[in-house]
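A.B. asks: data38.cif is reproduced in full below (mmCIF, C-alpha atoms and all ligand atoms).
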```cif
data_upload
#
loop_
_atom_site.label_atom_id
_atom_site.label_comp_id
_atom_site.auth_asym_id
_atom_site.auth_seq_id
_atom_site.Cartn_x
_atom_site.Cartn_y
_atom_site.Cartn_z
CA MET A 889 -21.73 -6.87 -7.07
CA SER A 890 -21.79 -10.40 -8.49
CA TYR A 891 -18.61 -11.71 -10.02
CA GLN A 892 -18.05 -13.29 -13.44
CA HIS A 893 -14.25 -13.19 -13.65
CA ILE A 894 -13.09 -13.71 -10.08
CA LEU A 895 -14.07 -15.77 -7.06
CA TYR A 896 -14.14 -14.26 -3.58
CA ASP A 897 -14.90 -15.64 -0.18
CA SER A 898 -13.94 -14.83 3.36
CA SER A 899 -14.10 -17.08 6.37
CA ALA A 900 -12.18 -17.42 9.63
CA GLY A 901 -10.49 -14.10 8.89
CA ILE A 902 -9.04 -15.33 5.58
CA ALA A 903 -10.23 -13.62 2.37
CA ARG A 904 -9.47 -15.51 -0.83
CA LEU A 905 -9.58 -13.80 -4.19
CA THR A 906 -9.14 -16.09 -7.18
CA LEU A 907 -8.61 -14.63 -10.65
CA ASN A 908 -10.92 -16.81 -12.65
CA ARG A 909 -10.39 -16.72 -16.40
CA PRO A 910 -8.36 -19.92 -16.60
CA ASP A 911 -8.67 -20.31 -20.39
CA LYS A 912 -6.83 -17.00 -20.77
CA LEU A 913 -4.40 -17.63 -17.93
CA ASN A 914 -6.47 -15.16 -15.89
CA ALA A 915 -5.52 -12.18 -18.05
CA PHE A 916 -7.07 -8.89 -16.93
CA THR A 917 -9.99 -7.27 -18.69
CA THR A 918 -11.62 -4.02 -17.61
CA ALA A 919 -14.52 -6.00 -16.15
CA MET A 920 -12.15 -8.15 -14.11
CA HIS A 921 -10.42 -5.03 -12.77
CA ALA A 922 -13.78 -3.70 -11.57
CA GLU A 923 -14.53 -6.97 -9.80
CA VAL A 924 -11.12 -7.08 -8.14
CA ARG A 925 -11.59 -3.49 -6.94
CA ASP A 926 -14.92 -4.46 -5.43
CA ALA A 927 -13.45 -7.55 -3.76
CA LEU A 928 -10.61 -5.54 -2.22
CA ALA A 929 -13.15 -3.13 -0.74
CA ARG A 930 -15.03 -6.14 0.66
CA ALA A 931 -11.89 -7.58 2.21
CA ARG A 932 -11.33 -4.24 3.96
CA ALA A 933 -14.89 -4.19 5.28
CA ASP A 934 -15.76 -7.80 6.12
CA GLY A 935 -13.42 -8.43 9.02
CA SER A 936 -10.81 -10.31 6.99
CA ARG A 937 -7.34 -10.33 8.58
CA VAL A 938 -5.38 -11.66 5.61
CA LEU A 939 -5.99 -11.70 1.87
CA VAL A 940 -4.82 -14.50 -0.41
CA ILE A 941 -4.71 -13.81 -4.15
CA THR A 942 -4.32 -16.73 -6.52
CA GLY A 943 -5.28 -17.86 -10.01
CA ALA A 944 -7.67 -20.54 -11.26
CA GLY A 945 -6.29 -23.29 -13.48
CA ARG A 946 -2.67 -23.55 -14.57
CA GLY A 947 -1.75 -19.86 -14.50
CA PHE A 948 -1.62 -17.12 -11.89
CA CYS A 949 -2.19 -14.17 -14.24
CA ALA A 950 -0.91 -13.29 -17.73
CA GLY A 951 -1.34 -9.54 -17.28
CA GLN A 952 -3.47 -7.45 -19.58
CA ASP A 953 -5.77 -9.37 -21.95
CA LEU A 954 -4.08 -8.55 -25.24
CA ALA A 955 -7.13 -9.53 -27.25
CA ASP A 956 -8.60 -6.24 -25.99
CA ARG A 957 -5.61 -4.36 -27.39
CA ALA A 958 -5.46 -5.57 -30.98
CA VAL A 959 -6.32 -2.83 -33.49
CA ALA A 960 -7.07 -2.97 -37.18
CA PRO A 961 -4.74 -0.96 -39.46
CA GLY A 962 -5.65 2.73 -39.23
CA GLU A 963 -7.66 2.26 -36.03
CA ARG A 964 -6.69 4.34 -32.97
CA PRO A 965 -4.93 2.29 -30.28
CA VAL A 966 -6.32 2.24 -26.75
CA ASP A 967 -4.82 4.92 -24.49
CA LEU A 968 -2.67 2.70 -22.28
CA GLY A 969 -1.93 5.60 -19.95
CA GLU A 970 -5.61 5.82 -19.17
CA SER A 971 -5.76 2.08 -18.57
CA ILE A 972 -2.86 2.33 -16.11
CA GLU A 973 -4.44 5.33 -14.37
CA LYS A 974 -7.88 3.78 -14.08
CA ASN A 975 -7.02 0.14 -13.46
CA TYR A 976 -3.46 -1.03 -12.82
CA ALA A 977 -2.11 1.80 -10.65
CA PRO A 978 -5.17 1.86 -8.36
CA LEU A 979 -4.94 -1.93 -8.04
CA ILE A 980 -1.32 -1.83 -6.88
CA LEU A 981 -1.95 1.07 -4.50
CA ALA A 982 -5.06 -0.61 -3.09
CA LEU A 983 -3.09 -3.77 -2.32
CA ARG A 984 -0.25 -1.85 -0.72
CA GLY A 985 -2.75 0.18 1.29
CA LEU A 986 -4.78 -2.77 2.61
CA PRO A 987 -4.36 -2.81 6.38
CA MET A 988 -3.67 -6.56 6.47
CA PRO A 989 -1.07 -8.88 4.99
CA VAL A 990 -1.64 -9.86 1.37
CA ILE A 991 -0.34 -13.20 0.16
CA ALA A 992 0.22 -13.87 -3.54
CA ALA A 993 -0.19 -17.62 -3.93
CA VAL A 994 1.43 -18.00 -7.33
CA ASN A 995 0.10 -21.28 -8.66
CA GLY A 996 1.49 -20.99 -12.20
CA VAL A 997 2.89 -18.54 -14.70
CA ALA A 998 2.74 -14.86 -13.69
CA ALA A 999 3.46 -12.64 -16.69
CA GLY A 1000 3.38 -8.91 -17.39
CA ALA A 1001 1.17 -7.05 -14.96
CA GLY A 1002 0.33 -10.46 -13.50
CA ALA A 1003 3.94 -10.84 -12.35
CA ASN A 1004 4.03 -7.35 -10.87
CA LEU A 1005 0.67 -7.82 -9.21
CA ALA A 1006 2.19 -10.82 -7.42
CA LEU A 1007 5.40 -8.98 -6.59
CA CYS A 1008 3.57 -6.06 -4.98
CA CYS A 1009 1.96 -8.43 -2.48
CA ASP A 1010 3.46 -8.67 0.99
CA LEU A 1011 4.36 -12.36 0.95
CA VAL A 1012 4.77 -14.20 -2.34
CA ILE A 1013 4.64 -17.97 -2.12
CA ALA A 1014 4.93 -19.88 -5.37
CA ALA A 1015 4.53 -23.45 -6.52
CA ARG A 1016 7.86 -24.79 -7.75
CA SER A 1017 6.42 -25.13 -11.29
CA ALA A 1018 5.35 -21.46 -11.37
CA SER A 1019 7.35 -18.76 -13.10
CA PHE A 1020 7.64 -15.00 -13.39
CA ILE A 1021 7.99 -13.20 -16.71
CA GLN A 1022 8.44 -9.47 -17.30
CA SER A 1023 6.93 -9.96 -20.73
CA PHE A 1024 6.49 -6.25 -21.45
CA SER A 1025 9.61 -5.87 -23.61
CA LYS A 1026 8.28 -8.60 -25.90
CA ILE A 1027 5.41 -6.34 -26.89
CA GLY A 1028 7.18 -2.99 -26.76
CA LEU A 1029 6.16 -1.77 -23.30
CA VAL A 1030 7.89 -0.96 -20.01
CA PRO A 1031 7.23 -3.03 -16.90
CA ASP A 1032 4.18 -1.47 -15.28
CA SER A 1033 2.08 -2.16 -12.21
CA GLY A 1034 5.05 -1.01 -10.16
CA GLY A 1035 7.59 -3.29 -11.84
CA THR A 1036 10.18 -0.58 -12.44
CA TRP A 1037 9.88 0.40 -8.77
CA THR A 1038 9.61 -3.03 -7.18
CA LEU A 1039 12.17 -5.02 -9.15
CA PRO A 1040 15.30 -2.94 -8.43
CA ARG A 1041 14.34 -2.64 -4.78
CA LEU A 1042 13.96 -6.39 -4.42
CA ILE A 1043 16.84 -7.66 -6.55
CA GLY A 1044 19.00 -4.68 -7.57
CA ASN A 1045 19.43 -2.94 -10.90
CA ALA A 1046 21.49 -5.65 -12.61
CA ARG A 1047 18.87 -8.37 -12.23
CA ALA A 1048 15.94 -5.95 -12.62
CA LEU A 1049 17.28 -4.73 -15.95
CA GLY A 1050 18.08 -8.25 -17.13
CA LEU A 1051 14.56 -9.45 -16.39
CA ALA A 1052 12.91 -6.33 -17.78
CA MET A 1053 14.92 -6.04 -20.98
CA LEU A 1054 15.07 -9.72 -21.89
CA GLY A 1055 11.62 -10.80 -20.72
CA ASP A 1056 12.96 -14.27 -19.92
CA LYS A 1057 11.10 -16.69 -17.71
CA LEU A 1058 12.37 -16.86 -14.11
CA SER A 1059 11.47 -20.06 -12.29
CA ALA A 1060 9.90 -19.90 -8.84
CA GLY A 1061 13.00 -21.52 -7.38
CA GLU A 1062 15.31 -18.90 -8.91
CA ALA A 1063 12.93 -16.13 -7.82
CA ALA A 1064 13.20 -17.39 -4.23
CA ASP A 1065 16.99 -17.74 -4.49
CA TRP A 1066 17.20 -14.15 -5.76
CA GLY A 1067 15.06 -12.81 -2.92
CA LEU A 1068 12.32 -11.75 -5.34
CA ILE A 1069 9.73 -13.83 -3.49
CA TRP A 1070 9.27 -15.26 0.00
CA ARG A 1071 9.26 -19.01 -0.79
CA ALA A 1072 8.95 -21.60 -3.52
CA VAL A 1073 7.41 -24.87 -2.42
CA ASP A 1074 6.95 -28.19 -4.17
CA ASP A 1075 3.70 -28.35 -6.11
CA ALA A 1076 2.29 -31.18 -3.99
CA GLU A 1077 2.82 -29.11 -0.84
CA PHE A 1078 1.68 -25.78 -2.29
CA PRO A 1079 -2.03 -25.73 -1.30
CA ALA A 1080 -1.30 -26.81 2.28
CA ALA A 1081 1.60 -24.35 2.55
CA VAL A 1082 -0.65 -21.49 1.40
CA ASP A 1083 -3.39 -22.48 3.84
CA ALA A 1084 -0.94 -22.74 6.73
CA LEU A 1085 0.58 -19.34 5.94
CA ALA A 1086 -2.86 -17.73 5.65
CA ALA A 1087 -4.09 -19.31 8.91
CA ARG A 1088 -0.98 -18.14 10.71
CA LEU A 1089 -1.38 -14.57 9.50
CA ALA A 1090 -5.13 -14.56 10.25
CA ALA A 1091 -4.27 -15.32 13.88
CA ALA A 1092 -1.54 -12.67 14.06
CA PRO A 1093 -1.83 -9.14 15.53
CA THR A 1094 -3.31 -7.59 12.38
CA LEU A 1095 -2.96 -3.97 13.41
CA ALA A 1096 0.74 -4.45 14.12
CA LEU A 1097 1.20 -6.19 10.76
CA ALA A 1098 -0.60 -3.33 9.01
CA ARG A 1099 1.72 -0.80 10.66
CA THR A 1100 4.75 -3.00 9.84
CA LYS A 1101 3.75 -3.12 6.19
CA ALA A 1102 3.23 0.63 5.98
CA ALA A 1103 6.51 1.33 7.78
CA ILE A 1104 8.59 -0.99 5.61
CA TYR A 1105 7.18 0.18 2.28
CA GLY A 1106 7.21 3.84 3.33
CA GLY A 1107 10.76 3.52 4.65
CA TRP A 1108 12.19 3.55 1.12
CA GLU A 1109 11.19 7.20 0.88
CA ARG A 1110 12.50 8.33 4.28
CA THR A 1111 15.73 9.08 6.08
CA LEU A 1112 16.75 6.88 9.03
CA ALA A 1113 15.83 9.68 11.41
CA ALA A 1114 12.37 10.01 9.87
CA GLN A 1115 11.92 6.25 9.95
CA LEU A 1116 12.77 6.14 13.65
CA GLU A 1117 9.96 8.62 14.18
CA VAL A 1118 7.56 6.41 12.24
CA GLU A 1119 8.56 3.46 14.44
CA ARG A 1120 8.11 5.57 17.58
CA ASP A 1121 4.63 6.65 16.52
CA ALA A 1122 3.65 3.09 15.66
CA GLN A 1123 4.87 1.74 19.00
CA ARG A 1124 3.02 4.54 20.78
CA GLU A 1125 -0.22 3.54 19.04
CA LEU A 1126 0.32 -0.22 19.30
CA GLY A 1127 1.31 0.04 22.95
CA GLY A 1128 -2.33 0.89 23.64
CA SER A 1129 -3.73 -1.93 21.54
CA ALA A 1130 -5.61 -4.97 22.77
CA ASP A 1131 -3.17 -7.25 20.96
CA TYR A 1132 -0.14 -5.82 22.73
CA ALA A 1133 -1.84 -6.29 26.10
CA GLU A 1134 -2.71 -9.85 25.10
CA GLY A 1135 0.80 -10.55 23.77
CA VAL A 1136 2.43 -9.44 27.01
CA ALA A 1137 -0.14 -11.22 29.19
CA ALA A 1138 0.32 -14.43 27.22
CA PHE A 1139 4.09 -14.19 27.45
CA VAL A 1140 4.01 -13.70 31.20
CA ALA A 1141 1.49 -16.53 31.65
CA LYS A 1142 3.56 -18.80 29.35
CA ARG A 1143 0.57 -19.49 27.08
CA PRO A 1144 -0.05 -18.90 23.37
CA PRO A 1145 -1.55 -15.46 22.63
CA ARG A 1146 -5.07 -15.06 21.22
CA PHE A 1147 -4.86 -11.92 19.10
CA ALA A 1148 -8.06 -10.14 18.16
CA GLY A 1149 -6.38 -8.15 15.39
CA ARG A 1150 -6.82 -4.72 17.00
O1 LIG B 1 -2.83 -2.63 -21.95
C1 LIG B 1 -2.79 -1.97 -20.90
O2 LIG B 1 -3.83 -1.67 -20.30
C2 LIG B 1 -1.47 -1.58 -20.34
C3 LIG B 1 -1.07 -2.55 -19.33
C4 LIG B 1 -0.39 -3.66 -19.67
C5 LIG B 1 -0.06 -4.67 -18.65
C6 LIG B 1 0.44 -5.95 -19.20
O3 LIG B 1 0.29 -6.94 -18.54
S1 LIG B 1 1.22 -5.99 -20.72
C7 LIG B 1 1.72 -7.70 -20.83
C8 LIG B 1 0.60 -8.58 -21.29
N1 LIG B 1 0.90 -9.99 -21.13
C9 LIG B 1 1.73 -10.63 -21.92
O4 LIG B 1 2.37 -10.11 -22.80
C10 LIG B 1 1.81 -12.14 -21.70
C11 LIG B 1 1.20 -12.84 -22.88
N2 LIG B 1 1.19 -14.29 -22.66
C12 LIG B 1 2.26 -15.04 -22.84
O5 LIG B 1 3.34 -14.59 -23.16
C13 LIG B 1 2.07 -16.52 -22.64
O6 LIG B 1 0.70 -16.81 -22.72
C14 LIG B 1 2.61 -17.01 -21.29
C15 LIG B 1 4.15 -16.97 -21.32
C16 LIG B 1 2.09 -16.21 -20.13
C17 LIG B 1 2.18 -18.49 -21.10
O7 LIG B 1 2.53 -19.24 -22.23
P1 LIG B 1 1.89 -20.69 -22.44
O8 LIG B 1 2.56 -21.26 -23.65
O9 LIG B 1 2.00 -21.44 -21.17
O10 LIG B 1 0.33 -20.45 -22.70
P2 LIG B 1 -0.37 -19.87 -24.03
O11 LIG B 1 -0.70 -21.00 -24.93
O12 LIG B 1 0.44 -18.76 -24.60
O13 LIG B 1 -1.70 -19.24 -23.40
C18 LIG B 1 -2.82 -20.04 -23.07
C19 LIG B 1 -4.05 -19.27 -23.52
O14 LIG B 1 -4.11 -18.05 -22.79
C20 LIG B 1 -4.01 -18.89 -24.98
O15 LIG B 1 -5.34 -18.83 -25.43
P3 LIG B 1 -5.88 -19.86 -26.57
O16 LIG B 1 -4.98 -19.73 -27.75
O17 LIG B 1 -5.75 -21.22 -25.90
O18 LIG B 1 -7.30 -19.44 -26.80
C21 LIG B 1 -3.45 -17.49 -24.94
O19 LIG B 1 -3.79 -16.71 -26.07
C22 LIG B 1 -4.14 -16.96 -23.70
N3 LIG B 1 -3.40 -15.83 -23.13
C23 LIG B 1 -2.26 -15.87 -22.46
N4 LIG B 1 -1.91 -14.65 -22.11
C24 LIG B 1 -2.84 -13.82 -22.58
C25 LIG B 1 -3.80 -14.58 -23.25
N5 LIG B 1 -4.86 -14.04 -23.84
C26 LIG B 1 -4.96 -12.68 -23.78
N6 LIG B 1 -4.07 -11.90 -23.17
C27 LIG B 1 -3.00 -12.43 -22.56
N7 LIG B 1 -2.15 -11.62 -21.90
#
```
Turn the structure described in the file into structure tokens.
Ligand code: T3D

C.D. replies:
Amino acid sequence: MSYQHILYDSSAGIARLTLNRPDKLNAFTTAMHAEVRDALARARADGSRVLVITGAGRGFCAGQDLADRAVAPGERPVDLGESIEKNYAPLILALRGLPMPVIAAVNGVAAGAGANLALCCDLVIAARSASFIQSFSKIGLVPDSGGTWTLPRLIGNARALGLAMLGDKLSAGEAADWGLIWRAVDDAEFPAAVDALAARLAAAPTLALARTKAAIYGGWERTLAAQLEVERDAQRELGGSADYAEGVAAFVAKRPPRFAGR
């Protein structure tokens, strides 16, 4: 598939997906959703060990393209439930299910589903000038793309409800202080910080990170006893992995490990 609305490349184990409709702050259209789906399947298949998602231009993503939602008086509105079912929900689940770390490199404003796309990623790093807006209430919707699930888990009900009901802009710095994201970094340092984070994760034991991600997200649904079983099963599997053997050998030899990701 050739891409009109995103950019994708993968090298040295690092896949980079750039939402590329900068004039519209990278708002999602149906066509862009299809391209992102394709790119995520590529990242799974092409040997990538980390995925970085970012936006072209001054925004990260402004959520759904609202120009596609305007209706003339008397015209039937688009079935938003169908749009969620076909596009937004599969996107969030695909990102959560990717067996590698996913970095949201939030270069600018992230609004609506764009904010929740970022927040469903495993590590969110944002430029200090970036911001997060749950803009749904401004247009009469609920936070979607996992927002009502993710926000209270990350920051508690009080802050989740404040953000969701008021739709106010939260700066990257505040988001980091609240524990909503991993880090906010000064704009001048942002590209290098993203590259360093991606390179570090691309050299990490990918299979162990994939199991870590699945265990942590799945843990919200389990009892402690059930979670201990998940950890046991993961250690049983990982104990037979090439990366574990390498990690132990490197430790004993007092040298840096060279993980193959399996
Ligand atoms: O519909 C479904 O399928 C259900 C799922 C819904 C998921 C959702 O995401 S609903 C929420 C949709 N998003 C929004 O409500 C955010 C709308 N955008 C804004 O509130 C503002 O643009 C921002 C706060 C994000 C940024 O403001 P600012 O002042 O920095 O930029 P701007 O001037 O508003 O936007 C720049 C351009 O991008 C502008 O285009 P123009 O006038 O220069 O041609 C603006 O119209 C366009 N743009 C920004 N966001 C969207 C958009 N165009 C279409 N859809 C957008 N969401």

A.B. asks: Could the residues that lie within 8 Å of ligand LIG 1 (chain B), counting only C-alpha atoms and all ligand atoms, be listed as a PyMOL selection string?

C.D. replies: chain A and resi 910-916+947+949-957+966-972+975-976+997-1002+1021-1024+1026-1027+1029+1031-1033+1057

A.B. asks: Please list, as JSON, numbers by chain, the residues that have an atom at most 7 Å away from (4.8, -21.5, -12.2) in the coordinates of this file, counting all atoms listed in the file.

C.D. replies: {"A": [994, 995, 996, 997, 1015, 1016, 1017, 1018, 1019, 1059, 1060]}

A.B. asks: Could those selected residues go to a file with C-alpha atoms, as a PDB file, keeping the file's coordinate frame?

C.D. replies:
```pdb
ATOM      1  CA  VAL A 994       1.430 -18.000  -7.330  1.00  0.00           C
ATOM      2  CA  ASN A 995       0.100 -21.280  -8.660  1.00  0.00           C
ATOM      3  CA  GLY A 996       1.490 -20.990 -12.200  1.00  0.00           C
ATOM      4  CA  VAL A 997       2.890 -18.540 -14.700  1.00  0.00           C
ATOM      5  CA  ALA A1015       4.530 -23.450  -6.520  1.00  0.00           C
ATOM      6  CA  ARG A1016       7.860 -24.790  -7.750  1.00  0.00           C
ATOM      7  CA  SER A1017       6.420 -25.130 -11.290  1.00  0.00           C
ATOM      8  CA  ALA A1018       5.350 -21.460 -11.370  1.00  0.00           C
ATOM      9  CA  SER A1019       7.350 -18.760 -13.100  1.00  0.00           C
ATOM     10  CA  SER A1059      11.470 -20.060 -12.290  1.00  0.00           C
ATOM     11  CA  ALA A1060       9.900 -19.900  -8.840  1.00  0.00           C
TER      12      ALA A1060
END
```

A.B. asks: Which residue is closest to Ala1003 of chain A? Choose from A:Gly1050, A:Gly962, A:Gly1055, A:Gly935 and count all atoms listed in the file.

C.D. replies: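 Comparing A:Gly1050, A:Gly962, A:Gly1055, A:Gly935 against Ala1003 of chain A, the winner is A:Gly1055.
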
A.B. asks: Could you check how far atom CA of Gly1044 of chain A sits from atom CA of Val1073 of chain A, in Å to one decimal?

C.D. replies: 23.8 Å

A.B. asks: Residues within 9 Å of Ala1086 of chain A, please, as an MDAnalysis selection string. Count all atoms listed in the file; anything in the same chain fewer than 5 positions from it doesn't count.

C.D. replies: chainID A and resid 902 938:940 991 1081 1091

A.B. asks: List every protein, DNA or RNA residue that has an atom no more than 12 Å from (-0.9, -15.2, -2.4) in the file's coordinate frame, counting only C-alpha atoms, and report them as an MDAnalysis selection string.

C.D. replies: chainID A and resid 902:907 938:943 948:949 983 989:996 998 1003 1005:1015 1069:1072 1078:1079 1081:1086 1089

A.B. asks: What is the atom CA of Ala1122 of chain A-atom CA of Arg937 of chain A distance in Å, reported with one decimal?

C.D. replies: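 If I compute the distance from atom CA of Ala1122 of chain A to atom CA of Arg937 of chain A, I get 18.7 Å.
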
A.B. asks: Taking 5 positions as the minimum chain separation for residues in the same chain, which residues sit within 12 Å of Pro1145 of chain A when counting all atoms listed in the file? Answer as a VMD selection string.

C.D. replies: chain A and resid 1091 to 1093 1130 to 1140

A.B. asks: So that I have them on file, write out the residues from the current selection with C-alpha atoms, as an mmCIF file, in the frame of the given file.

C.D. replies:
```cif
data_model
loop_
_atom_site.group_PDB
_atom_site.id
_atom_site.type_symbol
_atom_site.label_atom_id
_atom_site.label_comp_id
_atom_site.auth_asym_id
_atom_site.auth_seq_id
_atom_site.Cartn_x
_atom_site.Cartn_y
_atom_site.Cartn_z
ATOM 1 C CA ALA A 1091 -4.270 -15.320 13.880
ATOM 2 C CA ALA A 1092 -1.540 -12.670 14.060
ATOM 3 C CA PRO A 1093 -1.830 -9.140 15.530
ATOM 4 C CA ALA A 1130 -5.610 -4.970 22.770
ATOM 5 C CA ASP A 1131 -3.170 -7.250 20.960
ATOM 6 C CA TYR A 1132 -0.140 -5.820 22.730
ATOM 7 C CA ALA A 1133 -1.840 -6.290 26.100
ATOM 8 C CA GLU A 1134 -2.710 -9.850 25.100
ATOM 9 C CA GLY A 1135 0.800 -10.550 23.770
ATOM 10 C CA VAL A 1136 2.430 -9.440 27.010
ATOM 11 C CA ALA A 1137 -0.140 -11.220 29.190
ATOM 12 C CA ALA A 1138 0.320 -14.430 27.220
ATOM 13 C CA PHE A 1139 4.090 -14.190 27.450
ATOM 14 C CA VAL A 1140 4.010 -13.700 31.200
#
```

A.B. asks: Determine, counting all atoms listed in the file, which protein, DNA and RNA residues have an atom within 7 Å of an atom of Arg925 of chain A; residues of the same chain fewer than 4 positions away are not included. Present the result as a PyMOL selection string.

C.D. replies: chain A and resi 921+929+979

A.B. asks: Since we have the selection now, will you write its residues out, keeping C-alpha atoms, as a PDB file, keeping the file's coordinate frame?

C.D. replies:
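That gives us out.pdb:
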```
ATOM      1  CA  HIS A 921     -10.420  -5.030 -12.770  1.00  0.00           C
ATOM      2  CA  ALA A 929     -13.150  -3.130  -0.740  1.00  0.00           C
ATOM      3  CA  LEU A 979      -4.940  -1.930  -8.040  1.00  0.00           C
TER       4      LEU A 979
END
```

A.B. asks: Between atom CA of Leu986 of chain A and atom CA of Ala1102 of chain A, what is the spacing in Å?

C.D. replies: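 Computed distance, atom CA of Ala1102 of chain A to atom CA of Leu986 of chain A, equals 9.3 Å.
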
A.B. asks: Counting all atoms listed in the file, which of A:Leu895, A:Leu981, A:Ala1048, A:Ala1098 gets nearest to Gly1149 of chain A?

C.D. replies: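 With all atoms listed in the file as the atom set, the closest residue is A:Ala1098.
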
A.B. asks: Near Met920 of chain A, counting all atoms listed in the file, which residues have an atom at most 9 Å away, once you skip same-chain residues fewer than 2 positions from it, shown as a PDB file with C-alpha atoms, keeping the file's coordinate frame?

C.D. replies:
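Saved result, selection.pdb, follows:
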```pdb
ATOM      1  CA  TYR A 891     -18.610 -11.710 -10.020  1.00  0.00           C
ATOM      2  CA  GLN A 892     -18.050 -13.290 -13.440  1.00  0.00           C
ATOM      3  CA  HIS A 893     -14.250 -13.190 -13.650  1.00  0.00           C
ATOM      4  CA  ILE A 894     -13.090 -13.710 -10.080  1.00  0.00           C
ATOM      5  CA  LEU A 907      -8.610 -14.630 -10.650  1.00  0.00           C
ATOM      6  CA  ASN A 908     -10.920 -16.810 -12.650  1.00  0.00           C
ATOM      7  CA  ALA A 915      -5.520 -12.180 -18.050  1.00  0.00           C
ATOM      8  CA  PHE A 916      -7.070  -8.890 -16.930  1.00  0.00           C
ATOM      9  CA  THR A 917      -9.990  -7.270 -18.690  1.00  0.00           C
ATOM     10  CA  THR A 918     -11.620  -4.020 -17.610  1.00  0.00           C
ATOM     11  CA  ALA A 922     -13.780  -3.700 -11.570  1.00  0.00           C
ATOM     12  CA  GLU A 923     -14.530  -6.970  -9.800  1.00  0.00           C
ATOM     13  CA  VAL A 924     -11.120  -7.080  -8.140  1.00  0.00           C
ATOM     14  CA  ARG A 925     -11.590  -3.490  -6.940  1.00  0.00           C
TER      15      ARG A 925
END
```
